[in-house]
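Novice: Have a look at the structure that comes next, please.
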Amino acid sequence: MTISMSSASLPVFKAMLGNLSHILDKGQAHAEAKKFDPTALLQFRLAPDMLPFMRQIIIACDAAKNGMARISGVEAPKFEDNEATFPELKARIQKTLDYLNSVPDEKVDGTEDKDITFPIGPEKTRTMKAEAYLKHWAMPNFYFHVTMAYAILRNNGVELGKADYLAGAKA
């Protein structure tokens, strides 16, 4: 049996977004246990030229919803990108999950050879076949930002391990 585009994408995005929500819970709990304002973590970054923690969450959500919208043709919701607290970031993750849950498998399956044109900067685009786009752009981009969010919290003392990243609340 061959793998389908929907089975290779939707459940993976959903599981990792659930894990990301769990990671946020641990970040907020850490701040509360250490008695500092959790929003202090939102602007941390691993390097001066990288985006801060909150942007990693925003971009991870956008990578999942926009990637699936491009592949499926099911219009993605537009978010304001104004999240400023852990609960607001968790709500964004949930809105992304709600969108992904609305995308029917049949809109994704069979799209392997569909041309996907997407922005790669302010004034540039790239075109790839949907299967290549999923495997070599959408998913790696998504994983990059989830991983950076994990690493930023871990770097700031939040007790996270591989089980949090891979299994989230199910660990």
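Order determines the names: the first chain of the structure tokens is A, the second B, and so forth; residues in each chain are numbered 1 upward, and ligands are numbered 1 upward as they are shown.
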Residues near Asn155 (chain A), anyone? I mean within 10 Å using only C-alpha atoms, not counting same-chain ones fewer than 5 positions away, as a PyMOL selection string.
Specialist: chain A and resi 44-46+149-150+160
Novice: Grab the residues selected above and save them as a PDB file, in the first residue's frame with N, CA and C atoms.
Specialist:
```pdb
ATOM      1  N   PHE A  44      12.747  35.770  23.908  1.00  0.00           N
ATOM      2  CA  PHE A  44      14.055  35.117  23.861  1.00  0.00           C
ATOM      3  C   PHE A  44      14.328  34.527  22.493  1.00  0.00           C
ATOM      4  N   ARG A  45      15.604  34.470  22.152  1.00  0.00           N
ATOM      5  CA  ARG A  45      16.065  33.883  20.902  1.00  0.00           C
ATOM      6  C   ARG A  45      17.404  33.210  21.177  1.00  0.00           C
ATOM      7  N   LEU A  46      17.799  32.288  20.340  1.00  0.00           N
ATOM      8  CA  LEU A  46      19.069  31.590  20.537  1.00  0.00           C
ATOM      9  C   LEU A  46      20.257  32.371  19.996  1.00  0.00           C
ATOM     10  N   ALA A 149      11.460  26.585  18.895  1.00  0.00           N
ATOM     11  CA  ALA A 149      10.664  26.927  20.086  1.00  0.00           C
ATOM     12  C   ALA A 149      11.073  26.041  21.256  1.00  0.00           C
ATOM     13  N   TYR A 150      11.197  24.750  21.005  1.00  0.00           N
ATOM     14  CA  TYR A 150      11.650  23.810  22.030  1.00  0.00           C
ATOM     15  C   TYR A 150      13.027  24.229  22.554  1.00  0.00           C
ATOM     16  N   LEU A 160      12.523  20.232  29.686  1.00  0.00           N
ATOM     17  CA  LEU A 160      11.950  19.562  28.531  1.00  0.00           C
ATOM     18  C   LEU A 160      12.894  18.454  28.102  1.00  0.00           C
TER      19      LEU A 160
END
```
Novice: Within 9 Å of region 103-114 of chain A, counting only C-alpha atoms, which residues show up once you throw out same-chain ones fewer than 2 positions away? Write them as a list of chain:residue names, please.
Specialist: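 Surrounding residues, per the criterion: A:Ser4, A:Met5, A:Ser6, A:Ser7, A:Ser9, A:Leu10, A:Met68, A:Ala69, A:Ile71, A:Ser72, A:Gly73, A:Val74, A:Tyr99, A:Leu100, A:Asn101, A:Ile116, A:Met128, A:Lys129, A:Ala130, A:Glu131, A:Ala132.
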Novice: For the atom pair CA of Glu83 (chain A) and CA of Met148 (chain A), what is the interatomic distance in Å to one decimal place?
Specialist: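 Rounded to one decimal, the two atoms are 17.7 Å apart.
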Novice: What's the separation between CA of Val158 (chain A) and CA of Asp81 (chain A), in Å to one decimal place?
Specialist: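 About the pair CA of Val158 (chain A) and CA of Asp81 (chain A): they are 24.7 Å apart.
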Novice: Contacts of Cys61 (chain A) at 10 Å or less, counting only C-alpha atoms, minus same-chain residues fewer than 4 places along, as an MDAnalysis selection string?
Specialist: chainID A and resid 13 17 20 55:57 65:67 79 89 92:97 142 145:146
Novice: Can you measure CA of Glu75 (chain A) to CA of Thr2 (chain A) for me? One decimal in Å is fine.
Specialist: 27.0 Å
Novice: Counting only C-alpha atoms, figure out which residue out of A:Gly157, A:Thr39, A:Ala138, A:Lys162 gets nearest to Arg70 (chain A).
Specialist: A:Ala138
Novice: With distances taken over only C-alpha atoms, which residue among A:Ala84, A:Leu41, A:Met139, A:Ala91 lies nearest Gln28 (chain A)?
Specialist: A:Leu41
Novice: Taking only C-alpha atoms into account, name the residue in A:Phe53, A:Ile59, A:Val12, A:His136 that is nearest to Gly27 (chain A).
Specialist: A:Phe53
Novice: I need the alpha helix (DSSP H) residues of region 33-79 of chain A per DSSP on the backbone, written as a list in words.
Specialist: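 Residues meeting the alpha helix (DSSP H) criterion: Ala33, Phe53, Met54, Arg55, Gln56, Ile57, Ile58, Ile59, Ala60, Cys61, Asp62, Ala63, Ala64, Lys65, Asn66, Gly67, Met68, Ala69, Arg70, Ile71 and Ser72 of chain A.
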